[in-house]
Amino acid sequence: MCLLLLAGRADAAPIGYSITGGSVDIDVKLDGVVIGTSAGVALTGDSIMMDTAALTLNALRIEIAPTLISLSTHFGGFDEISVESAIIEGDITFANLWSQDTGTPGLFSVGAGPLLVTGSWGATDSTGINAGTSGQPITFPVPTITGIIDASPGLRIDSVTMHSIEGTPFGEAGKHLTIVASYSIETEVSIVPEPGTGLLVAMGLTALAWHRRSGSGAGPAPRG
């Protein structure tokens with residue numbers, strides 16, 4: 001009986017999933033208008049924790065590969081923006097805020113937060129007239145994200161603002177450049193035990209061993 005209860009508990013526990021594939025599409029916007037796009041940027045790893053029984057997103061950390069984005073409109077003398085590194089990760093108070101079954105088996109939507117994007121960016125002028133810049137820090141808070149989780153399991157997160165650049169230091173007073181990402185993530189299971197699960201397993205095995213010993217030691221078999 002103890003082992004049956006333990007199995008039911010494990011079904012509802014959060015499970016860690018390693019990121020094995022997927023990509024991110026990045027838009028660069030100037031005052032809300034898209035002026036550059038980089039599609040299919042690779043994800044370089046990390047993990048997500050979900051509970052598909054409780055329909056919750058419990059933790060995430062996603063890193064993308066460096067990418068260079070050409071701009072159709074110059075910004076501060078630059079026509080290329082590079083995302084040198086970018087990691088989006090649940091903050092210390094990260095929690096699932098809401099969940100909703102979409103009505104399609106194995107597909108549900110979630111809202112979670114807060115998160116933080118860290119990394120660095122740079123900018124260049126492809127003509128070589130203006131000196132480029134690099135190593136500009138990214139430390140950008142993301143209050144919430146909305147995602148769709150499927151049965152594979154995979155995760156889709158749309159329109160996350162990774163960074164916002166105020167134009168004044170670049171001679172573009174009153175203008176803002178934003179970097180927006182949409183993630184499509186593939187995973188494979190990598191079970192992360194719930195805290196205390198190891199102790200419960202040990203207790204269950206001990207109880208089973210005691211039951212077997214007490215059954216086998218109930219007394220000598222009757223003589224014929």
# chains A, B, ... in the order shown; residues from 1 in each chain; ligands from 1
>>> select_by_dssp(residues="segment 4-200 of chain A", states="helix (DSSP H, G or I)", output="list in words")
Leu4, Leu5, Leu6, Ala7, Gly8, Arg9, Ala10, Asp11, Thr168, Pro169, Phe170, Thr197, Gly198, Leu199 and Leu200 of chain A
>>> residues_around(residues="Lys175 of chain A", least_positions_apart="5", cutoff="7 Å", atoms="only C-alpha atoms", output="PyMOL selection string")
chain A and resi 31+166-167
>>> residues_around(residues="segment 32-34 of chain A", least_positions_apart="6", cutoff="9 Å", atoms="only C-alpha atoms", output="VMD selection string")
chain A and resid 71 to 72 176 to 178
>>> write_last_selection(atoms="all heavy atoms", output="CSV table (one decimal), in the first residue's frame")
chain,number,residue,atom,x,y,z
A,71,LEU,N,20.0,45.5,-39.8
A,71,LEU,CA,18.9,46.4,-39.6
A,71,LEU,C,18.6,47.2,-40.9
A,71,LEU,O,19.5,47.6,-41.6
A,71,LEU,CB,19.2,47.5,-38.5
A,71,LEU,CG,19.7,46.9,-37.2
A,71,LEU,CD1,20.0,48.1,-36.2
A,71,LEU,CD2,18.7,46.0,-36.6
A,72,SER,N,17.3,47.3,-41.2
A,72,SER,CA,16.9,48.1,-42.4
A,72,SER,C,16.9,49.6,-42.2
A,72,SER,O,16.9,50.3,-43.1
A,72,SER,CB,15.4,47.7,-42.8
A,72,SER,OG,14.5,48.0,-41.7
A,176,HIS,N,13.6,54.2,-28.9
A,176,HIS,CA,13.9,52.9,-28.2
A,176,HIS,C,14.0,51.8,-29.1
A,176,HIS,O,13.2,51.6,-30.0
A,176,HIS,CB,12.8,52.6,-27.1
A,176,HIS,CG,12.9,53.5,-25.9
A,176,HIS,ND1,12.3,54.7,-25.8
A,176,HIS,CD2,13.5,53.3,-24.7
A,176,HIS,CE1,12.5,55.3,-24.7
A,176,HIS,NE2,13.2,54.4,-23.9
A,177,LEU,N,15.1,51.0,-28.9
A,177,LEU,CA,15.3,49.8,-29.7
A,177,LEU,C,15.1,48.6,-28.8
A,177,LEU,O,15.6,48.6,-27.7
A,177,LEU,CB,16.8,49.7,-30.2
A,177,LEU,CG,17.1,48.8,-31.4
A,177,LEU,CD1,16.5,49.4,-32.7
A,177,LEU,CD2,18.6,48.6,-31.5
A,178,THR,N,14.2,47.7,-29.2
A,178,THR,CA,13.9,46.5,-28.4
A,178,THR,C,14.3,45.3,-29.1
A,178,THR,O,14.1,45.2,-30.3
A,178,THR,CB,12.4,46.5,-27.9
A,178,THR,OG1,11.6,46.6,-29.1
A,178,THR,CG2,12.1,47.6,-27.0
>>> residues_around(residues="Glu63 of chain A", least_positions_apart="2", cutoff="6 Å", atoms="only C-alpha atoms", output="ChimeraX atom specification")
/A:43-44,86-87
>>> write_last_selection(atoms="N, CA and C atoms", output="mmCIF file, in the first residue's frame")
data_model
loop_
_atom_site.group_PDB
_atom_site.id
_atom_site.type_symbol
_atom_site.label_atom_id
_atom_site.label_comp_id
_atom_site.auth_asym_id
_atom_site.auth_seq_id
_atom_site.Cartn_x
_atom_site.Cartn_y
_atom_site.Cartn_z
ATOM 1 N N LEU A 43 19.344 27.085 -29.959
ATOM 2 C CA LEU A 43 19.388 27.034 -28.501
ATOM 3 C C LEU A 43 20.604 26.206 -28.113
ATOM 4 N N THR A 44 21.320 26.639 -27.089
ATOM 5 C CA THR A 44 22.559 25.952 -26.728
ATOM 6 C C THR A 44 22.423 25.091 -25.479
ATOM 7 N N ALA A 86 22.739 35.465 -24.387
ATOM 8 C CA ALA A 86 21.460 35.782 -23.737
ATOM 9 C C ALA A 86 20.917 34.539 -23.056
ATOM 10 N N ILE A 87 20.688 34.659 -21.769
ATOM 11 C CA ILE A 87 20.094 33.585 -20.969
ATOM 12 C C ILE A 87 18.839 34.142 -20.311
#
>>> atom_distance(atom1="atom CA of Trp121 of chain A", atom2="atom CA of Ile81 of chain A")
7.3 Å
>>> closest_residue(among="A:Val142, A:Ala131, A:Ile69, A:Gly119", to="Asp91 of chain A", atoms="only C-alpha atoms")
A:Val142
>>> residues_around(residues="Gly135 of chain A", least_positions_apart="4", cutoff="10 Å", atoms="only C-alpha atoms", output="PyMOL selection string")
chain A and resi 82-85+119-123
>>> residues_around(residues="Pro105 of chain A", least_positions_apart="2", cutoff="12 Å", atoms="only C-alpha atoms", output="list in words")
Thr52, Asp101, Thr102, Gly103, Leu107, Phe108, Ser109, Ile149, Asp150, Ala151 and Ser152 of chain A
>>> write_last_selection(atoms="all heavy atoms", output="PDB file, in the first residue's frame")
ATOM      1  N   THR A  52       3.239  17.967 -15.855  1.00  0.00           N
ATOM      2  CA  THR A  52       2.181  17.839 -16.855  1.00  0.00           C
ATOM      3  C   THR A  52       0.894  17.276 -16.267  1.00  0.00           C
ATOM      4  O   THR A  52      -0.146  17.306 -16.918  1.00  0.00           O
ATOM      5  CB  THR A  52       2.646  16.945 -18.020  1.00  0.00           C
ATOM      6  OG1 THR A  52       3.106  15.692 -17.502  1.00  0.00           O
ATOM      7  CG2 THR A  52       3.785  17.607 -18.779  1.00  0.00           C
ATOM      8  N   ASP A 101      -6.163  24.314 -19.543  1.00  0.00           N
ATOM      9  CA  ASP A 101      -6.258  23.234 -20.516  1.00  0.00           C
ATOM     10  C   ASP A 101      -6.841  23.809 -21.803  1.00  0.00           C
ATOM     11  O   ASP A 101      -7.879  24.474 -21.779  1.00  0.00           O
ATOM     12  CB  ASP A 101      -7.154  22.124 -19.962  1.00  0.00           C
ATOM     13  CG  ASP A 101      -7.065  20.845 -20.774  1.00  0.00           C
ATOM     14  OD1 ASP A 101      -6.835  20.938 -21.997  1.00  0.00           O
ATOM     15  OD2 ASP A 101      -7.228  19.765 -20.193  1.00  0.00           O
ATOM     16  N   THR A 102      -6.185  23.580 -22.933  1.00  0.00           N
ATOM     17  CA  THR A 102      -6.648  24.163 -24.193  1.00  0.00           C
ATOM     18  C   THR A 102      -7.812  23.394 -24.808  1.00  0.00           C
ATOM     19  O   THR A 102      -8.408  23.850 -25.782  1.00  0.00           O
ATOM     20  CB  THR A 102      -5.504  24.198 -25.216  1.00  0.00           C
ATOM     21  OG1 THR A 102      -5.095  22.851 -25.500  1.00  0.00           O
ATOM     22  CG2 THR A 102      -4.323  24.997 -24.682  1.00  0.00           C
ATOM     23  N   GLY A 103      -8.128  22.225 -24.257  1.00  0.00           N
ATOM     24  CA  GLY A 103      -9.166  21.391 -24.850  1.00  0.00           C
ATOM     25  C   GLY A 103      -8.615  20.385 -25.835  1.00  0.00           C
ATOM     26  O   GLY A 103      -9.315  19.461 -26.256  1.00  0.00           O
ATOM     27  N   LEU A 107      -2.131  19.313 -24.575  1.00  0.00           N
ATOM     28  CA  LEU A 107      -1.739  20.684 -24.899  1.00  0.00           C
ATOM     29  C   LEU A 107      -2.366  21.630 -23.881  1.00  0.00           C
ATOM     30  O   LEU A 107      -3.582  21.628 -23.694  1.00  0.00           O
ATOM     31  CB  LEU A 107      -2.226  21.039 -26.303  1.00  0.00           C
ATOM     32  CG  LEU A 107      -1.605  22.272 -26.964  1.00  0.00           C
ATOM     33  CD1 LEU A 107      -0.153  22.006 -27.326  1.00  0.00           C
ATOM     34  CD2 LEU A 107      -2.388  22.648 -28.220  1.00  0.00           C
ATOM     35  N   PHE A 108      -1.529  22.419 -23.187  1.00  0.00           N
ATOM     36  CA  PHE A 108      -2.076  23.390 -22.247  1.00  0.00           C
ATOM     37  C   PHE A 108      -1.239  24.659 -22.244  1.00  0.00           C
ATOM     38  O   PHE A 108      -0.077  24.664 -22.656  1.00  0.00           O
ATOM     39  CB  PHE A 108      -2.200  22.803 -20.838  1.00  0.00           C
ATOM     40  CG  PHE A 108      -0.904  22.409 -20.178  1.00  0.00           C
ATOM     41  CD1 PHE A 108      -0.228  23.287 -19.347  1.00  0.00           C
ATOM     42  CD2 PHE A 108      -0.370  21.140 -20.357  1.00  0.00           C
ATOM     43  CE1 PHE A 108       0.950  22.922 -18.717  1.00  0.00           C
ATOM     44  CE2 PHE A 108       0.814  20.765 -19.730  1.00  0.00           C
ATOM     45  CZ  PHE A 108       1.471  21.658 -18.912  1.00  0.00           C
ATOM     46  N   SER A 109      -1.846  25.751 -21.829  1.00  0.00           N
ATOM     47  CA  SER A 109      -1.161  27.040 -21.778  1.00  0.00           C
ATOM     48  C   SER A 109      -0.873  27.406 -20.333  1.00  0.00           C
ATOM     49  O   SER A 109      -1.608  27.023 -19.419  1.00  0.00           O
ATOM     50  CB  SER A 109      -2.008  28.130 -22.443  1.00  0.00           C
ATOM     51  OG  SER A 109      -3.274  28.231 -21.819  1.00  0.00           O
ATOM     52  N   ILE A 149       2.533  24.370 -23.752  1.00  0.00           N
ATOM     53  CA  ILE A 149       3.264  23.124 -23.538  1.00  0.00           C
ATOM     54  C   ILE A 149       2.521  21.994 -24.238  1.00  0.00           C
ATOM     55  O   ILE A 149       1.304  21.865 -24.097  1.00  0.00           O
ATOM     56  CB  ILE A 149       3.411  22.828 -22.034  1.00  0.00           C
ATOM     57  CG1 ILE A 149       4.253  23.926 -21.367  1.00  0.00           C
ATOM     58  CG2 ILE A 149       4.045  21.460 -21.803  1.00  0.00           C
ATOM     59  CD1 ILE A 149       4.379  23.794 -19.870  1.00  0.00           C
ATOM     60  N   ASP A 150       3.264  21.188 -25.023  1.00  0.00           N
ATOM     61  CA  ASP A 150       2.634  20.068 -25.717  1.00  0.00           C
ATOM     62  C   ASP A 150       3.122  18.747 -25.143  1.00  0.00           C
ATOM     63  O   ASP A 150       3.966  18.702 -24.249  1.00  0.00           O
ATOM     64  CB  ASP A 150       2.866  20.145 -27.230  1.00  0.00           C
ATOM     65  CG  ASP A 150       4.341  20.064 -27.609  1.00  0.00           C
ATOM     66  OD1 ASP A 150       5.070  19.256 -26.995  1.00  0.00           O
ATOM     67  OD2 ASP A 150       4.767  20.798 -28.512  1.00  0.00           O
ATOM     68  N   ALA A 151       2.589  17.655 -25.688  1.00  0.00           N
ATOM     69  CA  ALA A 151       2.806  16.337 -25.100  1.00  0.00           C
ATOM     70  C   ALA A 151       4.181  15.758 -25.378  1.00  0.00           C
ATOM     71  O   ALA A 151       4.545  14.733 -24.810  1.00  0.00           O
ATOM     72  CB  ALA A 151       1.732  15.370 -25.600  1.00  0.00           C
ATOM     73  N   SER A 152       4.993  16.389 -26.212  1.00  0.00           N
ATOM     74  CA  SER A 152       6.257  15.759 -26.610  1.00  0.00           C
ATOM     75  C   SER A 152       7.285  15.529 -25.485  1.00  0.00           C
ATOM     76  O   SER A 152       7.993  14.533 -25.546  1.00  0.00           O
ATOM     77  CB  SER A 152       6.890  16.525 -27.760  1.00  0.00           C
ATOM     78  OG  SER A 152       7.004  17.861 -27.493  1.00  0.00           O
TER      79      SER A 152
END
>>> select_by_dssp(residues="segment 69-154 of chain A", states="strand (DSSP E or B)", output="PyMOL selection string")
chain A and resi 69-75+78-101+108-124+133-142+145-149+154
>>> closest_residue(among="A:Pro143, A:Gly45, A:Gly36, A:Gly111", to="Arg156 of chain A", atoms="only C-alpha atoms")
A:Gly111
>>> atom_distance(atom1="atom CA of Ser23 of chain A", atom2="atom CA of His163 of chain A")
18.4 Å
